[in-house]
file target29.txt (compact mmCIF, C-alpha atoms and all ligand atoms)
# COMPACT_ATOMS: atom_id res chain seq x y z
CA MET Q 1 46.58 -4.45 -92.12
CA ALA Q 2 47.82 -7.56 -90.37
CA THR Q 3 49.06 -7.69 -86.80
CA PRO Q 4 51.58 -10.22 -85.45
CA HIS Q 5 48.67 -12.45 -84.46
CA ILE Q 6 45.82 -11.66 -86.88
CA ASN Q 7 46.30 -11.98 -90.66
CA ALA Q 8 42.98 -10.41 -91.68
CA PRO Q 9 42.49 -7.40 -93.97
CA LYS Q 10 41.51 -4.04 -92.45
CA ASP Q 11 37.72 -4.36 -92.63
CA ALA Q 12 37.55 -8.07 -91.86
CA PHE Q 13 35.83 -7.79 -88.48
CA ALA Q 14 32.37 -6.54 -87.57
CA ALA Q 15 32.03 -3.92 -84.82
CA THR Q 16 30.66 -6.65 -82.56
CA CYS Q 17 32.78 -9.73 -81.82
CA LEU Q 18 32.09 -12.74 -79.64
CA LEU Q 19 35.17 -14.02 -77.83
CA PRO Q 20 35.21 -17.65 -76.69
CA GLY Q 21 38.44 -18.93 -75.15
CA ASP Q 22 38.41 -21.98 -77.41
CA PRO Q 23 39.04 -21.31 -81.13
CA LEU Q 24 37.04 -24.43 -82.00
CA ARG Q 25 34.07 -22.87 -80.17
CA ALA Q 26 34.53 -19.86 -82.49
CA LYS Q 27 34.30 -22.26 -85.45
CA PHE Q 28 31.22 -23.92 -83.94
CA ILE Q 29 29.52 -20.55 -83.44
CA ALA Q 30 30.32 -19.40 -86.99
CA GLU Q 31 29.14 -22.67 -88.55
CA ASN Q 32 25.99 -23.09 -86.48
CA PHE Q 33 24.75 -19.55 -85.81
CA PHE Q 34 26.12 -17.19 -88.49
CA ASP Q 35 25.01 -16.71 -92.08
CA ASP Q 36 27.71 -16.41 -94.74
CA ALA Q 37 30.56 -16.96 -92.28
CA VAL Q 38 34.06 -16.45 -93.66
CA CYS Q 39 37.23 -17.43 -91.79
CA VAL Q 40 39.24 -14.23 -91.35
CA ASN Q 41 42.03 -15.37 -89.04
CA ASP Q 42 44.01 -18.57 -88.75
CA VAL Q 43 47.32 -17.39 -87.32
CA ARG Q 44 48.34 -19.95 -84.66
CA ASN Q 45 44.94 -21.60 -85.33
CA MET Q 46 43.28 -18.83 -83.32
CA LEU Q 47 40.28 -19.02 -85.62
CA GLY Q 48 38.23 -15.91 -86.33
CA TYR Q 49 35.12 -15.57 -88.51
CA THR Q 50 32.87 -12.82 -89.79
CA GLY Q 51 29.33 -13.32 -90.99
CA SER Q 52 25.94 -12.09 -89.92
CA TYR Q 53 23.28 -12.98 -87.39
CA LYS Q 54 19.68 -12.08 -88.21
CA GLY Q 55 20.99 -9.69 -90.83
CA GLN Q 56 23.46 -7.88 -88.59
CA PRO Q 57 27.25 -8.12 -89.11
CA MET Q 58 28.88 -10.27 -86.44
CA SER Q 59 32.35 -11.67 -85.81
CA VAL Q 60 33.67 -14.35 -83.49
CA MET Q 61 37.26 -15.16 -82.59
CA GLY Q 62 38.99 -17.38 -80.05
CA THR Q 63 41.13 -15.68 -77.42
CA GLY Q 64 43.02 -18.62 -75.95
CA MET Q 65 43.09 -19.20 -72.21
CA GLY Q 66 44.10 -16.65 -69.60
CA MET Q 67 44.42 -12.90 -69.46
CA PRO Q 68 47.69 -12.42 -71.39
CA SER Q 69 46.24 -14.20 -74.41
CA CYS Q 70 42.77 -12.63 -74.17
CA VAL Q 71 44.15 -9.12 -73.70
CA LEU Q 72 46.55 -9.56 -76.60
CA TYR Q 73 43.79 -10.56 -79.04
CA SER Q 74 41.16 -8.13 -77.78
CA THR Q 75 43.67 -5.24 -77.92
CA GLU Q 76 44.54 -6.01 -81.54
CA LEU Q 77 40.84 -6.32 -82.43
CA MET Q 78 40.09 -2.90 -80.92
CA GLU Q 79 43.25 -1.07 -81.95
CA HIS Q 80 43.69 -2.39 -85.51
CA TYR Q 81 40.27 -3.68 -86.54
CA GLY Q 82 37.89 -1.21 -84.93
CA VAL Q 83 35.97 -3.76 -82.87
CA GLN Q 84 33.78 -1.82 -80.42
CA ARG Q 85 31.64 -4.45 -78.66
CA LEU Q 86 33.42 -7.49 -77.24
CA VAL Q 87 31.44 -10.24 -75.60
CA ARG Q 88 33.31 -13.11 -74.04
CA VAL Q 89 31.29 -16.33 -74.21
CA GLY Q 90 33.09 -18.73 -71.90
CA SER Q 91 32.86 -21.52 -69.41
CA CYS Q 92 33.31 -21.18 -65.67
CA GLY Q 93 33.60 -23.11 -62.46
CA ALA Q 94 30.82 -22.12 -60.06
CA ILE Q 95 31.91 -21.65 -56.45
CA GLN Q 96 28.40 -21.27 -54.99
CA ALA Q 97 26.50 -24.52 -54.35
CA ALA Q 98 23.24 -23.00 -55.60
CA LEU Q 99 24.56 -22.64 -59.15
CA LYS Q 100 23.78 -25.67 -61.27
CA LEU Q 101 25.62 -27.03 -64.28
CA LYS Q 102 24.54 -25.21 -67.49
CA ASP Q 103 23.38 -22.15 -65.53
CA ILE Q 104 24.30 -18.88 -67.22
CA VAL Q 105 26.31 -16.21 -65.40
CA LEU Q 106 26.63 -12.57 -66.46
CA ALA Q 107 29.81 -11.10 -64.97
CA HIS Q 108 29.08 -7.52 -63.95
CA SER Q 109 32.61 -7.30 -62.55
CA ALA Q 110 35.70 -9.39 -62.03
CA SER Q 111 38.23 -9.62 -59.22
CA THR Q 112 41.54 -11.24 -60.03
CA ASP Q 113 44.79 -12.73 -58.74
CA SER Q 114 46.52 -11.74 -61.96
CA SER Q 115 49.12 -8.98 -62.05
CA MET Q 116 48.10 -7.84 -65.53
CA ASN Q 117 45.90 -4.95 -64.51
CA ARG Q 118 48.27 -3.89 -61.72
CA LEU Q 119 51.10 -3.73 -64.26
CA ARG Q 120 48.99 -1.36 -66.36
CA PHE Q 121 47.84 0.76 -63.42
CA ALA Q 122 51.20 1.28 -61.71
CA GLY Q 123 50.44 -1.13 -58.87
CA MET Q 124 46.94 0.17 -58.17
CA ASP Q 125 43.85 -2.04 -58.10
CA TYR Q 126 41.61 -1.46 -61.11
CA SER Q 127 37.91 -2.10 -60.70
CA ALA Q 128 37.20 -4.36 -63.67
CA ALA Q 129 33.57 -3.95 -64.66
CA ALA Q 130 31.35 -4.81 -67.61
CA SER Q 131 29.98 -1.95 -69.71
CA PRO Q 132 26.73 -1.00 -67.97
CA ARG Q 133 24.74 -0.37 -71.17
CA LEU Q 134 25.82 -3.67 -72.70
CA LEU Q 135 24.96 -5.52 -69.52
CA GLN Q 136 21.62 -3.70 -69.45
CA LYS Q 137 20.91 -4.74 -73.04
CA VAL Q 138 21.46 -8.41 -72.25
CA LEU Q 139 19.50 -8.15 -69.00
CA ASN Q 140 16.57 -6.50 -70.81
CA HIS Q 141 16.56 -9.38 -73.28
CA VAL Q 142 16.70 -12.18 -70.71
CA ASP Q 143 14.06 -10.50 -68.56
CA ASP Q 144 11.81 -10.06 -71.59
CA LYS Q 145 12.25 -13.71 -72.63
CA LYS Q 146 12.14 -14.94 -69.03
CA ILE Q 147 15.53 -16.66 -69.41
CA PRO Q 148 17.01 -17.30 -65.95
CA VAL Q 149 20.55 -16.00 -65.43
CA ALA Q 150 22.74 -15.22 -62.43
CA VAL Q 151 24.27 -11.74 -62.40
CA GLY Q 152 27.24 -11.01 -60.19
CA GLN Q 153 30.96 -10.93 -59.72
CA VAL Q 154 33.39 -13.53 -61.03
CA PHE Q 155 37.02 -14.21 -60.20
CA SER Q 156 39.52 -14.23 -63.07
CA THR Q 157 42.41 -16.44 -62.06
CA ASP Q 158 45.82 -17.23 -63.51
CA ASN Q 159 45.83 -20.44 -61.51
CA PHE Q 160 43.46 -23.04 -63.01
CA TYR Q 161 44.94 -25.83 -60.90
CA GLY Q 162 45.64 -25.69 -57.23
CA ALA Q 163 43.72 -22.70 -55.85
CA PRO Q 164 44.03 -23.17 -52.07
CA ASP Q 165 40.82 -23.90 -50.11
CA HIS Q 166 41.18 -20.73 -48.03
CA GLN Q 167 41.20 -18.64 -51.24
CA LEU Q 168 37.94 -20.25 -52.35
CA ALA Q 169 36.40 -19.58 -48.94
CA LEU Q 170 37.33 -15.88 -49.15
CA LEU Q 171 35.74 -15.59 -52.57
CA GLN Q 172 32.60 -17.44 -51.47
CA GLU Q 173 32.24 -15.26 -48.40
CA VAL Q 174 31.80 -12.12 -50.53
CA GLY Q 175 29.38 -13.82 -52.90
CA ILE Q 176 31.60 -14.27 -55.94
CA LEU Q 177 29.73 -16.62 -58.24
CA ALA Q 178 32.35 -18.39 -60.31
CA VAL Q 179 35.96 -18.59 -61.43
CA GLU Q 180 37.22 -18.19 -64.97
CA MET Q 181 40.39 -16.76 -66.49
CA GLU Q 182 39.81 -13.72 -68.71
CA ALA Q 183 37.07 -11.25 -67.71
CA ALA Q 184 39.18 -8.90 -65.55
CA GLY Q 185 41.75 -8.45 -68.33
CA LEU Q 186 39.12 -8.00 -71.03
CA TYR Q 187 37.24 -5.35 -69.06
CA ALA Q 188 40.38 -3.29 -68.44
CA ALA Q 189 41.52 -3.61 -72.06
CA ALA Q 190 38.10 -2.48 -73.35
CA ALA Q 191 38.11 0.54 -71.04
CA ARG Q 192 41.43 1.64 -72.52
CA PHE Q 193 39.85 1.79 -75.99
CA LYS Q 194 36.46 3.12 -74.81
CA ALA Q 195 34.90 -0.05 -76.18
CA GLN Q 196 32.04 -2.01 -74.61
CA ALA Q 197 32.74 -5.40 -73.03
CA LEU Q 198 30.73 -8.09 -71.29
CA THR Q 199 31.36 -11.65 -70.16
CA VAL Q 200 28.65 -14.31 -70.44
CA LEU Q 201 29.51 -17.70 -68.97
CA THR Q 202 28.07 -21.19 -68.82
CA VAL Q 203 28.68 -23.18 -65.64
CA SER Q 204 30.71 -26.18 -66.84
CA ASP Q 205 31.91 -27.23 -63.38
CA ASN Q 206 30.78 -26.69 -59.82
CA LEU Q 207 33.76 -26.69 -57.48
CA VAL Q 208 31.54 -27.03 -54.38
CA THR Q 209 29.38 -29.95 -55.48
CA ASN Q 210 32.27 -31.42 -57.50
CA THR Q 211 30.19 -31.90 -60.63
CA GLN Q 212 31.11 -31.33 -64.30
CA LEU Q 213 29.38 -31.29 -67.66
CA ASP Q 214 30.40 -34.04 -70.03
CA SER Q 215 31.49 -33.05 -73.52
CA LYS Q 216 28.05 -33.54 -75.11
CA GLU Q 217 26.31 -31.53 -72.40
CA ARG Q 218 28.92 -28.78 -72.81
CA GLU Q 219 27.97 -28.27 -76.46
CA ALA Q 220 24.22 -28.02 -75.71
CA GLY Q 221 24.84 -25.80 -72.68
CA PHE Q 222 27.09 -23.44 -74.62
CA SER Q 223 24.50 -23.21 -77.41
CA MET Q 224 21.93 -21.78 -74.98
CA MET Q 225 24.41 -19.08 -73.91
CA ILE Q 226 25.40 -18.24 -77.47
CA GLU Q 227 21.82 -18.00 -78.71
CA LEU Q 228 20.72 -15.72 -75.88
CA THR Q 229 23.83 -13.55 -76.31
CA LEU Q 230 23.39 -13.15 -80.07
CA ASN Q 231 19.67 -12.46 -79.75
CA ALA Q 232 20.34 -9.85 -77.08
CA LEU Q 233 23.02 -8.16 -79.20
CA VAL Q 234 20.73 -7.77 -82.23
CA SER Q 235 17.68 -6.75 -80.17
O1 LIG Q 301 35.77 -21.92 -71.94
P1 LIG Q 301 36.70 -20.74 -71.97
O2 LIG Q 301 36.12 -19.59 -72.69
O3 LIG Q 301 38.08 -21.09 -72.50
O4 LIG Q 301 36.87 -20.28 -70.42
C1 LIG Q 301 37.36 -21.05 -69.35
O5 LIG Q 301 37.94 -22.28 -69.73
C2 LIG Q 301 39.38 -22.20 -69.73
C3 LIG Q 301 39.92 -23.15 -68.71
O6 LIG Q 301 39.56 -24.45 -69.00
C4 LIG Q 301 39.71 -20.75 -69.39
O7 LIG Q 301 39.89 -20.02 -70.56
C5 LIG Q 301 38.49 -20.34 -68.61
O8 LIG Q 301 38.25 -18.97 -68.50
O1 LIG Q 302 36.72 -24.60 -62.94
C1 LIG Q 302 36.77 -23.94 -63.97
C2 LIG Q 302 35.94 -24.22 -65.05
C3 LIG Q 302 36.02 -23.46 -66.17
N1 LIG Q 302 36.94 -22.47 -66.18
C4 LIG Q 302 37.74 -22.20 -65.16
O2 LIG Q 302 38.56 -21.28 -65.24
N2 LIG Q 302 37.64 -22.94 -64.06
call {"tool": "encode", "arguments": {"input": "target29.txt", "output": "structure tokens", "more": "lines below"}}
Ligand SMILES: O=P(O)(O)O[C@H]1O[C@H](CO)[C@@H](O)[C@H]1O
Ligand SMILES: O=c1cc[nH]c(=O)[nH]1
result
Amino acid sequence: MATPHINAPKDAFAATCLLPGDPLRAKFIAENFFDDAVCVNDVRNMLGYTGSYKGQPMSVMGTGMGMPSCVLYSTELMEHYGVQRLVRVGSCGAIQAALKLKDIVLAHSASTDSSMNRLRFAGMDYSAAASPRLLQKVLNHVDDKKIPVAVGQVFSTDNFYGAPDHQLALLQEVGILAVEMEAAGLYAAAARFKAQALTVLTVSDNLVTNTQLDSKEREAGFSMMIELTLNALVS
């Protein structure tokens, strides 16, 4: 049962799927964390894999960047492949000075400048929130293992370049932790299918202190996030 964007057979995906923006991060996760990983999607090089983690079936697939791409792939995974738990594992730009590079952010909710959710909700503002039980599961795990994380709201933007300073100030004023480009769309899409969704992010940039991870640090930083996420999901 292929879709226009996924050429996998019907049962190719596990009920739980990690969703990095970058398809090469999906490959990295499959090769470095999964047992018996098999590539199940390569349409447009949006790589997807299914294997297992600590004996439990697990999939991972890239979503591309931005809400249209992420919502397209997550919708097909839920509607055609029965995926029920979707966990975005992404990077973000912190907008609070206190957040350091490589810090981990759990997005309990996401505001947005995108029109995607308004298009779906006839112009109304949808409150895009993580699934409480899934968030609780990850929080229980990090508390138990004493892994520090920041929990709060993120801002999902369509505008990677050129956000005006006054917009940043408004977001900072209400305590929004970081900007990224998918969570608000993913949360609304998951709600439509009564699936669970969560976004776990690694701070790759801090827009206040003007600091960035280099490519080597990014890999190590992302590995911490992926390990904690997978361990939480199988706990
Ligand atoms: O690292 P990923 O998961 O792609 O996430 C972030 O990085 C991309 C921008 O560089 C956007 O997709 C943003 O949300
Ligand atoms: O600044 C950043 C860094 C990662 N992802 C974003 O969307 N923005």
call {"tool": "residues_near_ligand", "arguments": {"input": "target29.txt", "ligand": "ligand LIG 302 (chain Q)", "cutoff": "12 Å", "atoms": "all atoms listed in the file", "output": "PyMOL selection string"}}
result
chain Q and resi 20-22+64-67+89-96+101-102+112+154-163+168+177-183+201-213+218
call {"tool": "atom_distance", "arguments": {"input": "target29.txt", "atom1": "CA of Gly82 (chain Q)", "atom2": "CA of Gln196 (chain Q)"}}
result
11.9 Å
call {"tool": "closest_atom_pairs", "arguments": {"input": "target29.txt", "of": "region 103-168 of chain Q", "to": "region 184-192 of chain Q", "cutoff": "7 Å", "atoms": "all atoms listed in the file", "output": "tab-separated table"}}
result
residue	atom	partner	partner_atom	distance
Q:Ala110	CA	Q:Ala184	CA	5.0
Q:Ser111	CA	Q:Ala184	CA	6.4
Q:Thr112	CA	Q:Ala184	CA	6.4
Q:Met116	CA	Q:Gly185	CA	7.0
Q:Asn117	CA	Q:Gly185	CA	6.6
Q:Ala128	CA	Q:Ala184	CA	5.3
Q:Ala129	CA	Q:Tyr187	CA	5.9
Q:Ala130	CA	Q:Tyr187	CA	6.1
Q:Ser156	CA	Q:Ala184	CA	5.9
call {"tool": "closest_residue", "arguments": {"input": "target29.txt", "among": "Q:Asn45, Q:Gln153, Q:Ser215, Q:Ser114", "to": "Leu171 (chain Q)", "atoms": "all atoms listed in the file"}}
result
Q:Gln153
call {"tool": "closest_residue", "arguments": {"input": "target29.txt", "among": "Q:Asn7, Q:Thr199, Q:Ser131, Q:Thr50", "to": "ligand LIG 301 (chain Q)", "atoms": "only C-alpha atoms and all ligand atoms"}}
result
Q:Thr199
call {"tool": "closest_residue", "arguments": {"input": "target29.txt", "among": "Q:Glu79, Q:Asp11, Q:Asp35, Q:Glu219", "to": "ligand LIG 301 (chain Q)", "atoms": "only C-alpha atoms and all ligand atoms"}}
result
Q:Glu219
call {"tool": "atom_distance", "arguments": {"input": "target29.txt", "atom1": "CA of Leu230 (chain Q)", "atom2": "CA of Lys194 (chain Q)"}}
result
21.5 Å
call {"tool": "atom_distance", "arguments": {"input": "target29.txt", "atom1": "CA of Thr75 (chain Q)", "atom2": "CA of Phe193 (chain Q)"}}
result
8.2 Å
call {"tool": "closest_residue", "arguments": {"input": "target29.txt", "among": "Q:Cys39, Q:Ala150, Q:Val200, Q:Met58", "to": "ligand LIG 301 (chain Q)", "atoms": "all atoms listed in the file"}}
result
Q:Val200
call {"tool": "residues_around", "arguments": {"input": "target29.txt", "residues": "Val87 (chain Q)", "least_positions_apart": "3", "cutoff": "7 Å", "atoms": "all atoms listed in the file", "output": "PDB file with C-alpha atoms, in the coordinates of the input"}}
result
ATOM      1  CA  CYS Q  17      32.780  -9.730 -81.820  1.00  0.00           C
ATOM      2  CA  LEU Q  18      32.090 -12.740 -79.640  1.00  0.00           C
ATOM      3  CA  LEU Q  19      35.170 -14.020 -77.830  1.00  0.00           C
ATOM      4  CA  ALA Q 197      32.740  -5.400 -73.030  1.00  0.00           C
ATOM      5  CA  LEU Q 198      30.730  -8.090 -71.290  1.00  0.00           C
ATOM      6  CA  THR Q 199      31.360 -11.650 -70.160  1.00  0.00           C
TER       7      THR Q 199
END
call {"tool": "closest_residue", "arguments": {"input": "target29.txt", "among": "Q:Val149, Q:Met224, Q:Leu24, Q:Ala98", "to": "ligand LIG 301 (chain Q)", "atoms": "all atoms listed in the file"}}
result
Q:Leu24
call {"tool": "residues_near_point", "arguments": {"input": "target29.txt", "point": "(42.4, -15.4, -92.7)", "cutoff": "8 Å", "atoms": "all atoms listed in the file", "output": "MDAnalysis selection string"}}
result
chainID Q and resid 6:8 39:43 48
call {"tool": "closest_residue", "arguments": {"input": "target29.txt", "among": "Q:Ala122, Q:Ala2, Q:Met61, Q:Ala14", "to": "ligand LIG 301 (chain Q)", "atoms": "only C-alpha atoms and all ligand atoms"}}
result
Q:Met61
call {"tool": "residues_around", "arguments": {"input": "target29.txt", "residues": "Tyr53 (chain Q)", "least_positions_apart": "3", "cutoff": "12 Å", "atoms": "all atoms listed in the file", "output": "ChimeraX atom specification"}}
result
/Q:14,16-18,29-37,50,56-60,226-227,229-235
call {"tool": "write_last_selection", "arguments": {"input": "target29.txt", "atoms": "C-alpha atoms", "output": "tab-separated table (two decimals), in the frame of the given file"}}
result
chain	number	residue	atom	x	y	z
Q	14	ALA	CA	32.37	-6.54	-87.57
Q	16	THR	CA	30.66	-6.65	-82.56
Q	17	CYS	CA	32.78	-9.73	-81.82
Q	18	LEU	CA	32.09	-12.74	-79.64
Q	29	ILE	CA	29.52	-20.55	-83.44
Q	30	ALA	CA	30.32	-19.40	-86.99
Q	31	GLU	CA	29.14	-22.67	-88.55
Q	32	ASN	CA	25.99	-23.09	-86.48
Q	33	PHE	CA	24.75	-19.55	-85.81
Q	34	PHE	CA	26.12	-17.19	-88.49
Q	35	ASP	CA	25.01	-16.71	-92.08
Q	36	ASP	CA	27.71	-16.41	-94.74
Q	37	ALA	CA	30.56	-16.96	-92.28
Q	50	THR	CA	32.87	-12.82	-89.79
Q	56	GLN	CA	23.46	-7.88	-88.59
Q	57	PRO	CA	27.25	-8.12	-89.11
Q	58	MET	CA	28.88	-10.27	-86.44
Q	59	SER	CA	32.35	-11.67	-85.81
Q	60	VAL	CA	33.67	-14.35	-83.49
Q	226	ILE	CA	25.40	-18.24	-77.47
Q	227	GLU	CA	21.82	-18.00	-78.71
Q	229	THR	CA	23.83	-13.55	-76.31
Q	230	LEU	CA	23.39	-13.15	-80.07
Q	231	ASN	CA	19.67	-12.46	-79.75
Q	232	ALA	CA	20.34	-9.85	-77.08
Q	233	LEU	CA	23.02	-8.16	-79.20
Q	234	VAL	CA	20.73	-7.77	-82.23
Q	235	SER	CA	17.68	-6.75	-80.17
call {"tool": "decode", "arguments": {"input": "target29.txt", "residues": "region 182-222 of chain Q", "atoms": "C-alpha atoms", "output": "mmCIF file, in the first residue's frame"}}
result
data_model
loop_
_atom_site.group_PDB
_atom_site.id
_atom_site.type_symbol
_atom_site.label_atom_id
_atom_site.label_comp_id
_atom_site.auth_asym_id
_atom_site.auth_seq_id
_atom_site.Cartn_x
_atom_site.Cartn_y
_atom_site.Cartn_z
ATOM 1 C CA GLU Q 182 7.469 21.579 12.573
ATOM 2 C CA ALA Q 183 5.996 20.957 16.045
ATOM 3 C CA ALA Q 184 2.760 22.972 15.660
ATOM 4 C CA GLY Q 185 1.860 21.146 12.441
ATOM 5 C CA LEU Q 186 2.767 17.726 13.819
ATOM 6 C CA TYR Q 187 0.674 18.205 16.966
ATOM 7 C CA ALA Q 188 -2.416 19.230 14.995
ATOM 8 C CA ALA Q 189 -1.982 16.391 12.498
ATOM 9 C CA ALA Q 190 -1.646 13.820 15.306
ATOM 10 C CA ALA Q 191 -4.779 15.116 17.015
ATOM 11 C CA ARG Q 192 -6.745 14.537 13.815
ATOM 12 C CA PHE Q 193 -5.817 10.836 13.893
ATOM 13 C CA LYS Q 194 -6.028 10.476 17.701
ATOM 14 C CA ALA Q 195 -2.350 9.577 17.687
ATOM 15 C CA GLN Q 196 0.225 10.610 20.284
ATOM 16 C CA ALA Q 197 2.886 13.172 19.368
ATOM 17 C CA LEU Q 198 5.818 14.832 21.086
ATOM 18 C CA THR Q 199 8.729 17.010 20.009
ATOM 19 C CA VAL Q 200 12.171 16.595 21.560
ATOM 20 C CA LEU Q 201 14.792 19.108 20.457
ATOM 21 C CA THR Q 202 18.501 19.721 20.842
ATOM 22 C CA VAL Q 203 19.652 23.336 21.006
ATOM 23 C CA SER Q 204 21.897 23.693 17.944
ATOM 24 C CA ASP Q 205 21.944 27.503 17.950
ATOM 25 C CA ASN Q 206 21.306 30.236 20.475
ATOM 26 C CA LEU Q 207 19.913 33.319 18.762
ATOM 27 C CA VAL Q 208 20.547 35.512 21.830
ATOM 28 C CA THR Q 209 24.163 34.601 22.516
ATOM 29 C CA ASN Q 210 24.816 34.080 18.789
ATOM 30 C CA THR Q 211 26.452 30.694 19.267
ATOM 31 C CA GLN Q 212 26.145 27.500 17.189
ATOM 32 C CA LEU Q 213 27.212 23.883 17.415
ATOM 33 C CA ASP Q 214 29.755 22.794 14.841
ATOM 34 C CA SER Q 215 28.969 19.699 12.794
ATOM 35 C CA LYS Q 216 30.862 17.285 15.067
ATOM 36 C CA GLU Q 217 29.214 18.654 18.206
ATOM 37 C CA ARG Q 218 25.817 18.383 16.489
ATOM 38 C CA GLU Q 219 26.221 14.632 16.043
ATOM 39 C CA ALA Q 220 27.187 14.037 19.704
ATOM 40 C CA GLY Q 221 24.466 16.398 20.938
ATOM 41 C CA PHE Q 222 21.789 14.733 18.839
#
